[in-house]
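Student: One file is attached below, work38.pdb, containing PDB, C-alpha atoms, pLDDT in the B column.
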```
ATOM      1  CA  GLN A   1       2.883  20.113  39.909  1.00 53.00           C
ATOM      2  CA  THR A   2       0.223  18.825  37.516  1.00 60.00           C
ATOM      3  CA  HIS A   3       0.352  15.307  36.126  1.00 63.00           C
ATOM      4  CA  ASN A   4       4.132  15.091  35.622  1.00 60.00           C
ATOM      5  CA  MET A   5       4.677  12.281  38.026  1.00 72.00           C
ATOM      6  CA  SER A   6       7.957  10.759  36.808  1.00 79.00           C
ATOM      7  CA  PRO A   7      11.295  11.985  35.489  1.00 78.00           C
ATOM      8  CA  TRP A   8      10.356  10.393  32.155  1.00 81.00           C
ATOM      9  CA  ALA A   9       7.234  12.529  31.784  1.00 84.00           C
ATOM     10  CA  GLY A  10       9.231  15.511  30.524  1.00 88.00           C
ATOM     11  CA  ARG A  11      11.134  13.362  28.035  1.00 88.00           C
ATOM     12  CA  PHE A  12       7.943  11.803  26.758  1.00 90.00           C
ATOM     13  CA  HIS A  13       6.312  15.213  26.303  1.00 90.00           C
ATOM     14  CA  GLN A  14       9.343  16.405  24.414  1.00 88.00           C
ATOM     15  CA  PHE A  15       9.099  13.441  22.083  1.00 87.00           C
ATOM     16  CA  TRP A  16       5.307  13.557  21.782  1.00 90.00           C
ATOM     17  CA  ASN A  17       5.240  17.254  20.902  1.00 87.00           C
ATOM     18  CA  HIS A  18       8.373  17.332  18.771  1.00 81.00           C
ATOM     19  CA  PRO A  19       7.948  18.999  15.319  1.00 78.00           C
ATOM     20  CA  ALA A  20       9.084  15.712  13.785  1.00 78.00           C
ATOM     21  CA  GLY A  21       7.328  13.615  16.423  1.00 84.00           C
ATOM     22  CA  PRO A  22       4.655  10.892  16.309  1.00 89.00           C
ATOM     23  CA  LYS A  23       1.869  13.399  15.705  1.00 90.00           C
ATOM     24  CA  THR A  24       3.489  14.317  12.366  1.00 87.00           C
ATOM     25  CA  ILE A  25       4.199  12.727   9.013  1.00 86.00           C
ATOM     26  CA  HIS A  26       7.916  13.507   9.485  1.00 84.00           C
ATOM     27  CA  PHE A  27       7.906  10.670  11.970  1.00 86.00           C
ATOM     28  CA  TRP A  28       5.580   8.103  10.392  1.00 91.00           C
ATOM     29  CA  ALA A  29       6.859   8.208   6.824  1.00 88.00           C
ATOM     30  CA  PRO A  30      10.467   7.270   7.724  1.00 87.00           C
ATOM     31  CA  THR A  31       9.210   4.885  10.428  1.00 91.00           C
ATOM     32  CA  TRP A  32       7.104   2.981   7.908  1.00 94.00           C
ATOM     33  CA  LYS A  33      10.120   2.703   5.618  1.00 92.00           C
ATOM     34  CA  TRP A  34      11.461   0.122   8.103  1.00 92.00           C
ATOM     35  CA  MET A  35       8.708  -2.136   6.754  1.00 90.00           C
ATOM     36  CA  LEU A  36      10.504  -2.227   3.402  1.00 88.00           C
ATOM     37  CA  ILE A  37      13.420  -3.836   5.230  1.00 88.00           C
ATOM     38  CA  VAL A  38      11.103  -6.323   6.953  1.00 90.00           C
ATOM     39  CA  ALA A  39       9.604  -7.185   3.548  1.00 89.00           C
ATOM     40  CA  SER A  40      13.041  -7.473   1.966  1.00 87.00           C
ATOM     41  CA  LEU A  41      14.310  -9.760   4.738  1.00 88.00           C
ATOM     42  CA  SER A  42      11.183 -11.937   4.608  1.00 89.00           C
ATOM     43  CA  ASP A  43      11.936 -12.399   0.907  1.00 86.00           C
ATOM     44  CA  LEU A  44      15.147 -14.157   1.981  1.00 87.00           C
ATOM     45  CA  SER A  45      13.061 -17.312   2.296  1.00 88.00           C
ATOM     46  CA  LYS A  46      12.066 -17.097  -1.368  1.00 88.00           C
ATOM     47  CA  PRO A  47      14.252 -18.627  -4.060  1.00 89.00           C
ATOM     48  CA  ALA A  48      16.473 -16.114  -5.822  1.00 88.00           C
ATOM     49  CA  SER A  49      14.535 -16.671  -9.049  1.00 87.00           C
ATOM     50  CA  HIS A  50      11.467 -15.110  -7.414  1.00 87.00           C
ATOM     51  CA  ILE A  51      12.989 -11.782  -6.364  1.00 87.00           C
ATOM     52  CA  SER A  52      13.023  -8.741  -8.572  1.00 88.00           C
ATOM     53  CA  LEU A  53      16.386  -7.513  -9.845  1.00 92.00           C
ATOM     54  CA  ASN A  54      14.930  -4.154 -10.918  1.00 90.00           C
ATOM     55  CA  GLN A  55      13.279  -3.503  -7.597  1.00 89.00           C
ATOM     56  CA  ASN A  56      16.371  -4.358  -5.584  1.00 92.00           C
ATOM     57  CA  LEU A  57      18.632  -2.241  -7.796  1.00 94.00           C
ATOM     58  CA  ALA A  58      16.264   0.692  -7.303  1.00 92.00           C
ATOM     59  CA  LEU A  59      16.064   0.117  -3.537  1.00 92.00           C
ATOM     60  CA  ALA A  60      19.842  -0.146  -3.177  1.00 94.00           C
ATOM     61  CA  ALA A  61      20.293   3.124  -5.094  1.00 91.00           C
ATOM     62  CA  THR A  62      17.622   4.929  -3.089  1.00 91.00           C
ATOM     63  CA  GLY A  63      19.066   3.547   0.161  1.00 93.00           C
ATOM     64  CA  ILE A  64      22.546   4.848  -0.444  1.00 91.00           C
ATOM     65  CA  ILE A  65      21.452   8.252  -1.770  1.00 88.00           C
ATOM     66  CA  TRP A  66      18.915   8.957   0.985  1.00 89.00           C
ATOM     67  CA  SER A  67      21.359   7.783   3.662  1.00 89.00           C
ATOM     68  CA  ARG A  68      23.668  10.590   2.705  1.00 83.00           C
ATOM     69  CA  TYR A  69      20.978  13.161   2.206  1.00 78.00           C
ATOM     70  CA  ALA A  70      19.222  12.444   5.495  1.00 79.00           C
ATOM     71  CA  THR A  71      22.336  14.014   7.027  1.00 79.00           C
ATOM     72  CA  GLN A  72      22.202  17.013   4.669  1.00 74.00           C
ATOM     73  CA  ILE A  73      18.630  18.162   5.295  1.00 69.00           C
ATOM     74  CA  THR A  74      17.342  20.418   8.035  1.00 63.00           C
ATOM     75  CA  PRO A  75      16.751  19.088  10.604  1.00 63.00           C
ATOM     76  CA  VAL A  76      19.057  16.103  10.240  1.00 70.00           C
ATOM     77  CA  ASN A  77      16.836  13.028  10.378  1.00 75.00           C
ATOM     78  CA  TRP A  78      18.767  10.111  11.884  1.00 81.00           C
ATOM     79  CA  ASN A  79      15.731   7.837  11.707  1.00 83.00           C
ATOM     80  CA  LEU A  80      15.663   8.390   7.951  1.00 85.00           C
ATOM     81  CA  PHE A  81      19.441   7.852   7.790  1.00 90.00           C
ATOM     82  CA  ALA A  82      19.316   4.574   9.682  1.00 92.00           C
ATOM     83  CA  VAL A  83      16.402   3.131   7.735  1.00 93.00           C
ATOM     84  CA  ASN A  84      18.045   3.937   4.426  1.00 93.00           C
ATOM     85  CA  VAL A  85      21.346   2.363   5.492  1.00 95.00           C
ATOM     86  CA  PHE A  86      19.443  -0.844   6.248  1.00 94.00           C
ATOM     87  CA  VAL A  87      17.442  -0.605   3.009  1.00 93.00           C
ATOM     88  CA  PHE A  88      20.770  -0.438   1.164  1.00 95.00           C
ATOM     89  CA  LEU A  89      22.213  -3.387   3.091  1.00 94.00           C
ATOM     90  CA  SER A  90      19.170  -5.652   2.762  1.00 92.00           C
ATOM     91  CA  SER A  91      18.572  -4.956  -0.932  1.00 93.00           C
ATOM     92  CA  GLY A  92      22.338  -5.215  -1.528  1.00 94.00           C
ATOM     93  CA  TYR A  93      22.238  -8.697  -0.074  1.00 94.00           C
ATOM     94  CA  GLN A  94      19.267  -9.616  -2.285  1.00 93.00           C
ATOM     95  CA  LEU A  95      21.253  -8.370  -5.297  1.00 95.00           C
ATOM     96  CA  TYR A  96      24.131 -10.638  -4.271  1.00 95.00           C
ATOM     97  CA  ARG A  97      21.717 -13.590  -4.103  1.00 94.00           C
ATOM     98  CA  ILE A  98      20.316 -12.792  -7.549  1.00 94.00           C
ATOM     99  CA  PHE A  99      23.759 -12.515  -9.162  1.00 95.00           C
ATOM    100  CA  LYS A 100      24.926 -15.714  -7.528  1.00 94.00           C
ATOM    101  CA  TRP A 101      21.830 -17.486  -8.845  1.00 94.00           C
ATOM    102  CA  LYS A 102      22.467 -16.086 -12.332  1.00 93.00           C
ATOM    103  CA  GLN A 103      26.032 -17.384 -12.233  1.00 93.00           C
ATOM    104  CA  GLU A 104      24.704 -20.792 -11.240  1.00 93.00           C
ATOM    105  CA  GLN A 105      22.210 -20.721 -14.119  1.00 92.00           C
ATOM    106  CA  LYS A 106      24.985 -19.850 -16.574  1.00 92.00           C
ATOM    107  CA  ALA A 107      27.157 -22.668 -15.259  1.00 92.00           C
ATOM    108  CA  LEU A 108      24.249 -25.098 -15.568  1.00 90.00           C
ATOM    109  CA  GLU A 109      23.562 -23.994 -19.138  1.00 90.00           C
ATOM    110  CA  ALA A 110      27.226 -24.352 -20.050  1.00 88.00           C
ATOM    111  CA  GLN A 111      27.210 -27.817 -18.534  1.00 87.00           C
ATOM    112  CA  ASN A 112      24.036 -28.793 -20.399  1.00 85.00           C
ATOM    113  CA  SER A 113      25.361 -27.602 -23.736  1.00 81.00           C
ATOM    114  CA  VAL A 114      28.572 -29.577 -23.176  1.00 77.00           C
ATOM    115  CA  THR A 115      26.670 -32.801 -22.491  1.00 75.00           C
ATOM    116  CA  GLU A 116      24.489 -32.155 -25.543  1.00 73.00           C
ATOM    117  CA  ASP A 117      27.590 -31.837 -27.685  1.00 69.00           C
ATOM    118  CA  GLU A 118      28.920 -35.073 -26.268  1.00 69.00           C
ATOM    119  CA  ASN A 119      25.704 -36.875 -27.131  1.00 69.00           C
ATOM    120  CA  LEU A 120      25.805 -35.844 -30.778  1.00 63.00           C
TER     121      LEU A 120
ATOM    122  CA  LYS B 121      14.550  33.609 -28.126  1.00 78.00           C
ATOM    123  CA  LYS B 122      13.881  29.945 -27.411  1.00 84.00           C
ATOM    124  CA  ASN B 123      17.535  29.456 -26.507  1.00 88.00           C
ATOM    125  CA  LYS B 124      17.338  32.379 -24.065  1.00 90.00           C
ATOM    126  CA  MET B 125      14.368  30.757 -22.339  1.00 90.00           C
ATOM    127  CA  VAL B 126      16.196  27.432 -22.096  1.00 90.00           C
ATOM    128  CA  ILE B 127      19.206  29.183 -20.569  1.00 91.00           C
ATOM    129  CA  ARG B 128      16.961  31.012 -18.119  1.00 90.00           C
ATOM    130  CA  VAL B 129      15.235  27.789 -17.068  1.00 88.00           C
ATOM    131  CA  PHE B 130      18.553  26.008 -16.659  1.00 87.00           C
ATOM    132  CA  LYS B 131      19.957  28.894 -14.608  1.00 89.00           C
ATOM    133  CA  GLN B 132      16.906  28.686 -12.373  1.00 85.00           C
ATOM    134  CA  LEU B 133      17.320  24.929 -11.945  1.00 83.00           C
ATOM    135  CA  TRP B 134      21.016  25.358 -11.201  1.00 86.00           C
ATOM    136  CA  SER B 135      20.721  28.107  -8.591  1.00 85.00           C
ATOM    137  CA  SER B 136      17.330  27.337  -7.005  1.00 80.00           C
ATOM    138  CA  PRO B 137      17.298  26.243  -3.336  1.00 76.00           C
ATOM    139  CA  VAL B 138      15.464  23.147  -4.547  1.00 77.00           C
ATOM    140  CA  GLY B 139      17.411  22.830  -7.770  1.00 82.00           C
ATOM    141  CA  ILE B 140      19.543  20.169  -9.353  1.00 84.00           C
ATOM    142  CA  ARG B 141      22.474  20.736  -7.047  1.00 83.00           C
ATOM    143  CA  THR B 142      20.404  19.967  -3.979  1.00 81.00           C
ATOM    144  CA  THR B 143      19.176  16.971  -2.108  1.00 76.00           C
ATOM    145  CA  HIS B 144      15.606  18.150  -2.616  1.00 81.00           C
ATOM    146  CA  PHE B 145      16.073  17.155  -6.248  1.00 87.00           C
ATOM    147  CA  TRP B 146      18.254  14.037  -6.126  1.00 86.00           C
ATOM    148  CA  GLY B 147      16.466  12.301  -3.274  1.00 86.00           C
ATOM    149  CA  PRO B 148      13.200  12.170  -5.260  1.00 90.00           C
ATOM    150  CA  VAL B 149      15.138  11.236  -8.425  1.00 91.00           C
ATOM    151  CA  ALA B 150      16.458   8.200  -6.552  1.00 89.00           C
ATOM    152  CA  ASN B 151      12.941   7.299  -5.472  1.00 92.00           C
ATOM    153  CA  TRP B 152      11.730   7.435  -9.071  1.00 94.00           C
ATOM    154  CA  GLY B 153      13.930   4.349  -9.481  1.00 91.00           C
ATOM    155  CA  ILE B 154      11.521   2.359  -7.323  1.00 91.00           C
ATOM    156  CA  ALA B 155       8.528   3.479  -9.401  1.00 93.00           C
ATOM    157  CA  LEU B 156      10.319   2.759 -12.682  1.00 93.00           C
ATOM    158  CA  ALA B 157      11.479  -0.633 -11.436  1.00 91.00           C
ATOM    159  CA  GLY B 158       7.831  -1.403 -10.704  1.00 92.00           C
ATOM    160  CA  LEU B 159       6.984  -0.352 -14.244  1.00 93.00           C
ATOM    161  CA  ALA B 160       9.786  -2.477 -15.716  1.00 92.00           C
ATOM    162  CA  ASP B 161       8.378  -5.468 -13.827  1.00 91.00           C
ATOM    163  CA  ILE B 162       4.902  -4.884 -15.234  1.00 93.00           C
ATOM    164  CA  ASN B 163       4.824  -8.211 -17.072  1.00 92.00           C
ATOM    165  CA  ARG B 164       6.478 -10.264 -14.402  1.00 91.00           C
ATOM    166  CA  PRO B 165       4.468 -13.423 -13.646  1.00 93.00           C
ATOM    167  CA  PRO B 166       2.191 -12.747 -10.651  1.00 91.00           C
ATOM    168  CA  GLU B 167       3.500 -15.685  -8.628  1.00 89.00           C
ATOM    169  CA  LYS B 168       6.853 -13.910  -8.524  1.00 89.00           C
ATOM    170  CA  VAL B 169       5.365 -10.677  -7.165  1.00 90.00           C
ATOM    171  CA  SER B 170       6.135 -10.243  -3.477  1.00 89.00           C
ATOM    172  CA  GLY B 171       2.810  -9.484  -1.779  1.00 90.00           C
ATOM    173  CA  LEU B 172       4.507  -8.209   1.340  1.00 91.00           C
ATOM    174  CA  MET B 173       6.962  -5.908  -0.439  1.00 91.00           C
ATOM    175  CA  THR B 174       4.300  -4.549  -2.801  1.00 94.00           C
ATOM    176  CA  THR B 175       1.925  -3.765   0.073  1.00 95.00           C
ATOM    177  CA  ALA B 176       4.748  -2.200   2.059  1.00 94.00           C
ATOM    178  CA  LEU B 177       5.641  -0.026  -0.949  1.00 94.00           C
ATOM    179  CA  ALA B 178       2.010   0.990  -1.485  1.00 96.00           C
ATOM    180  CA  ILE B 179       1.630   2.214   2.104  1.00 96.00           C
ATOM    181  CA  TYR B 180       5.103   3.760   1.937  1.00 95.00           C
ATOM    182  CA  SER B 181       4.077   5.832  -1.083  1.00 96.00           C
ATOM    183  CA  ILE B 182       0.869   7.092   0.541  1.00 96.00           C
ATOM    184  CA  LEU B 183       2.836   8.248   3.577  1.00 95.00           C
ATOM    185  CA  PHE B 184       5.547   9.880   1.514  1.00 93.00           C
ATOM    186  CA  MET B 185       2.992  11.698  -0.655  1.00 95.00           C
ATOM    187  CA  ARG B 186       1.805  13.370   2.530  1.00 93.00           C
ATOM    188  CA  PHE B 187       5.425  13.872   3.659  1.00 89.00           C
ATOM    189  CA  ALA B 188       6.314  15.517   0.320  1.00 89.00           C
ATOM    190  CA  TRP B 189       3.338  17.855   0.737  1.00 90.00           C
ATOM    191  CA  MET B 190       4.127  18.832   4.343  1.00 85.00           C
ATOM    192  CA  VAL B 191       7.915  19.009   4.202  1.00 81.00           C
ATOM    193  CA  LYS B 192       9.547  22.419   3.919  1.00 77.00           C
ATOM    194  CA  PRO B 193      10.077  23.214   1.118  1.00 78.00           C
ATOM    195  CA  ARG B 194       7.091  21.414  -0.387  1.00 83.00           C
ATOM    196  CA  ASN B 195       8.489  18.773  -2.754  1.00 85.00           C
ATOM    197  CA  TYR B 196       6.317  18.289  -5.843  1.00 91.00           C
ATOM    198  CA  LEU B 197       8.826  15.985  -7.532  1.00 91.00           C
ATOM    199  CA  LEU B 198       8.676  13.581  -4.589  1.00 91.00           C
ATOM    200  CA  LEU B 199       4.883  13.878  -4.558  1.00 95.00           C
ATOM    201  CA  ALA B 200       4.667  12.992  -8.256  1.00 95.00           C
ATOM    202  CA  CYS B 201       7.089  10.086  -7.825  1.00 95.00           C
ATOM    203  CA  HIS B 202       5.058   8.530  -5.034  1.00 96.00           C
ATOM    204  CA  ALA B 203       1.697   9.138  -6.726  1.00 97.00           C
ATOM    205  CA  PHE B 204       3.019   7.276  -9.746  1.00 97.00           C
ATOM    206  CA  ASN B 205       4.525   4.505  -7.636  1.00 96.00           C
ATOM    207  CA  GLU B 206       1.221   4.127  -5.781  1.00 97.00           C
ATOM    208  CA  VAL B 207      -0.586   3.359  -9.031  1.00 97.00           C
ATOM    209  CA  VAL B 208       2.121   0.915 -10.137  1.00 96.00           C
ATOM    210  CA  GLN B 209       2.129  -0.962  -6.814  1.00 96.00           C
ATOM    211  CA  TRP B 210      -1.681  -1.183  -6.744  1.00 97.00           C
ATOM    212  CA  TYR B 211      -1.559  -2.605 -10.264  1.00 96.00           C
ATOM    213  CA  HIS B 212       0.866  -5.336  -9.116  1.00 96.00           C
ATOM    214  CA  LEU B 213      -1.294  -6.028  -6.069  1.00 96.00           C
ATOM    215  CA  SER B 214      -4.426  -6.386  -8.199  1.00 96.00           C
ATOM    216  CA  ARG B 215      -2.654  -8.798 -10.547  1.00 95.00           C
ATOM    217  CA  LYS B 216      -1.407 -10.849  -7.642  1.00 94.00           C
ATOM    218  CA  ALA B 217      -4.818 -10.850  -5.956  1.00 94.00           C
ATOM    219  CA  ARG B 218      -6.500 -12.045  -9.139  1.00 93.00           C
ATOM    220  CA  TYR B 219      -3.907 -14.775  -9.605  1.00 93.00           C
ATOM    221  CA  GLU B 220      -4.218 -15.958  -6.004  1.00 92.00           C
ATOM    222  CA  TYR B 221      -8.011 -15.897  -6.224  1.00 92.00           C
ATOM    223  CA  GLU B 222      -8.062 -17.900  -9.442  1.00 91.00           C
ATOM    224  CA  LYS B 223      -5.701 -20.551  -8.170  1.00 89.00           C
ATOM    225  CA  ARG B 224      -7.367 -20.866  -4.754  1.00 85.00           C
ATOM    226  CA  ASP B 225      -7.898 -24.383  -3.604  1.00 78.00           C
ATOM    227  CA  PHE B 226      -9.855 -24.575  -0.383  1.00 66.00           C
TER     228      PHE B 226
END
```
What does this structure look like when you write it as structure tokens?
Tutor:
Amino acid sequence: QTHNMSPWAGRFHQFWNHPAGPKTIHFWAPTWKWMLIVASLSDLSKPASHISLNQNLALAATGIIWSRYATQITPVNWNLFAVNVFVFLSSGYQLYRIFKWKQEQKALEAQNSVTEDENL
Amino acid sequence: KKNKMVIRVFKQLWSSPVGIRTTHFWGPVANWGIALAGLADINRPPEKVSGLMTTALAIYSILFMRFAWMVKPRNYLLLACHAFNEVVQWYHLSRKARYEYEKRDF
């Protein structure tokens, strides 16, 4: 017996030396993608006028497509699947906020034009 | 003769293991959306640029450039997409940095 002291040592070695493990880009690239979700959720504190419609449309599309395809590649990458599901959900929610804000703007404009007409 | 070449190219795209019927093609196509969205936002006022999201995307693209290079099969379309996105995100970051610097009020 060398330095394998605990029953977890074998598990850790398996993880550490895995072909898609933390010594490889196959681990860090999908892991970093979780930061996009953190960034998206931190943007919840910003007003809807300050978030980008284009960016969130693109993120929602990429989230849903890569979610599916993470299960179609070899080896199946559940980390990539999970992160893309959350990317889709968080950017989907931002899209909802943007559309709601746009509806409110339209309603305000309609209201303003009505009062203008009344003043004439 | 030109038509024959077009047909040959299309046949190759259709039947290739990394062709247009495969995830190796459509995944990167989806990610081009992020780069193009960044391009579409090129004239967005800098105060509306999300510093956190832009930085996260910049680091994300560096990592996925390496991923695209190392993944089997090597994915040049994904590599190109992220190289392009990297430039776009850095541009947004530089605009934001300049704006923040100019409006600083210590």
Student: When the ChimeraX specification (/A :<9) & /B is applied to the file above, which residues end up in the set, as a ChimeraX atom specification?
Tutor: /B:143-144,146-158,160-161,164,167-174,176-177,179-184,186-187,190-191
Student: Go ahead and write the residues just picked, C-alpha atoms, as a short mmCIF file (atom, residue, chain, number, x, y, z; two decimals), keeping the file's coordinate frame.
Tutor:
```
data_model
loop_
_atom_site.label_atom_id
_atom_site.label_comp_id
_atom_site.auth_asym_id
_atom_site.auth_seq_id
_atom_site.Cartn_x
_atom_site.Cartn_y
_atom_site.Cartn_z
CA THR B 143 19.18 16.97 -2.11
CA HIS B 144 15.61 18.15 -2.62
CA TRP B 146 18.25 14.04 -6.13
CA GLY B 147 16.47 12.30 -3.27
CA PRO B 148 13.20 12.17 -5.26
CA VAL B 149 15.14 11.24 -8.43
CA ALA B 150 16.46 8.20 -6.55
CA ASN B 151 12.94 7.30 -5.47
CA TRP B 152 11.73 7.44 -9.07
CA GLY B 153 13.93 4.35 -9.48
CA ILE B 154 11.52 2.36 -7.32
CA ALA B 155 8.53 3.48 -9.40
CA LEU B 156 10.32 2.76 -12.68
CA ALA B 157 11.48 -0.63 -11.44
CA GLY B 158 7.83 -1.40 -10.70
CA ALA B 160 9.79 -2.48 -15.72
CA ASP B 161 8.38 -5.47 -13.83
CA ARG B 164 6.48 -10.26 -14.40
CA GLU B 167 3.50 -15.68 -8.63
CA LYS B 168 6.85 -13.91 -8.52
CA VAL B 169 5.36 -10.68 -7.16
CA SER B 170 6.14 -10.24 -3.48
CA GLY B 171 2.81 -9.48 -1.78
CA LEU B 172 4.51 -8.21 1.34
CA MET B 173 6.96 -5.91 -0.44
CA THR B 174 4.30 -4.55 -2.80
CA ALA B 176 4.75 -2.20 2.06
CA LEU B 177 5.64 -0.03 -0.95
CA ILE B 179 1.63 2.21 2.10
CA TYR B 180 5.10 3.76 1.94
CA SER B 181 4.08 5.83 -1.08
CA ILE B 182 0.87 7.09 0.54
CA LEU B 183 2.84 8.25 3.58
CA PHE B 184 5.55 9.88 1.51
CA ARG B 186 1.80 13.37 2.53
CA PHE B 187 5.42 13.87 3.66
CA MET B 190 4.13 18.83 4.34
CA VAL B 191 7.92 19.01 4.20
#
```
Student: Would you mind reading off the distance between atom CA of B:Thr142 and atom CA of A:Phe88, one decimal, in Å?
Tutor: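 Spanning atom CA of B:Thr142 to atom CA of A:Phe88 is a straight-line distance of 21.0 Å.
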Student: Excluding same-chain residues fewer than 4 positions from B:Leu199, what lies within 7 Å of it counting all atoms listed in the file, as a ChimeraX atom specification?
Tutor: /B:185,188-189,195,203
Student: Can you spell out as a VMD selection string the set of residues that the PyMOL selection byres ((chain B and resi 209) around 7) selects in the structure I just provided?
Tutor: chain B and resid 158 174 177 to 178 205 to 208 210 to 213
Student: Interatomic distance between atom CA of B:Phe204 and atom CA of B:Pro166?
Tutor: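 The value is 20.1 Å.
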Student: In Å, rounded to a single decimal, give me how far atom CA of A:Leu89 is from atom CA of B:Phe145.
Tutor: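 Separation between atom CA of B:Phe145 and atom CA of A:Leu89: 23.4 Å.
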Student: Provide an axis-aligned box for all listed atoms of stretch 197-200 of chain B, padding each side by 8 Å; report its centre and its edge lengths in Å to one decimal, as lines of an AutoDock Vina configuration file.
Tutor:
```
center_x = 6.7
center_y = 14.5
center_z = -6.4
size_x = 20.2
size_y = 19.0
size_z = 19.7
```
Student: I'd like the neighbourhood of stretch 99-112 of chain A as a VMD selection string, where a residue qualifies if any of its atoms comes within 8 Å (using all atoms listed in the file), though same-chain residues fewer than 4 positions away should be ignored.
Tutor: chain A and resid 48 to 49 95 116
Student: Near B:Phe130, counting all atoms listed in the file, which residues have an atom at most 12 Å away, once you skip same-chain residues fewer than 6 positions from it, shown as a list in words?
Tutor: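 Using all atoms listed in the file, the neighbours found are Asn123, Lys124, Ser136, Gly139, Ile140 and Arg141 of chain B.
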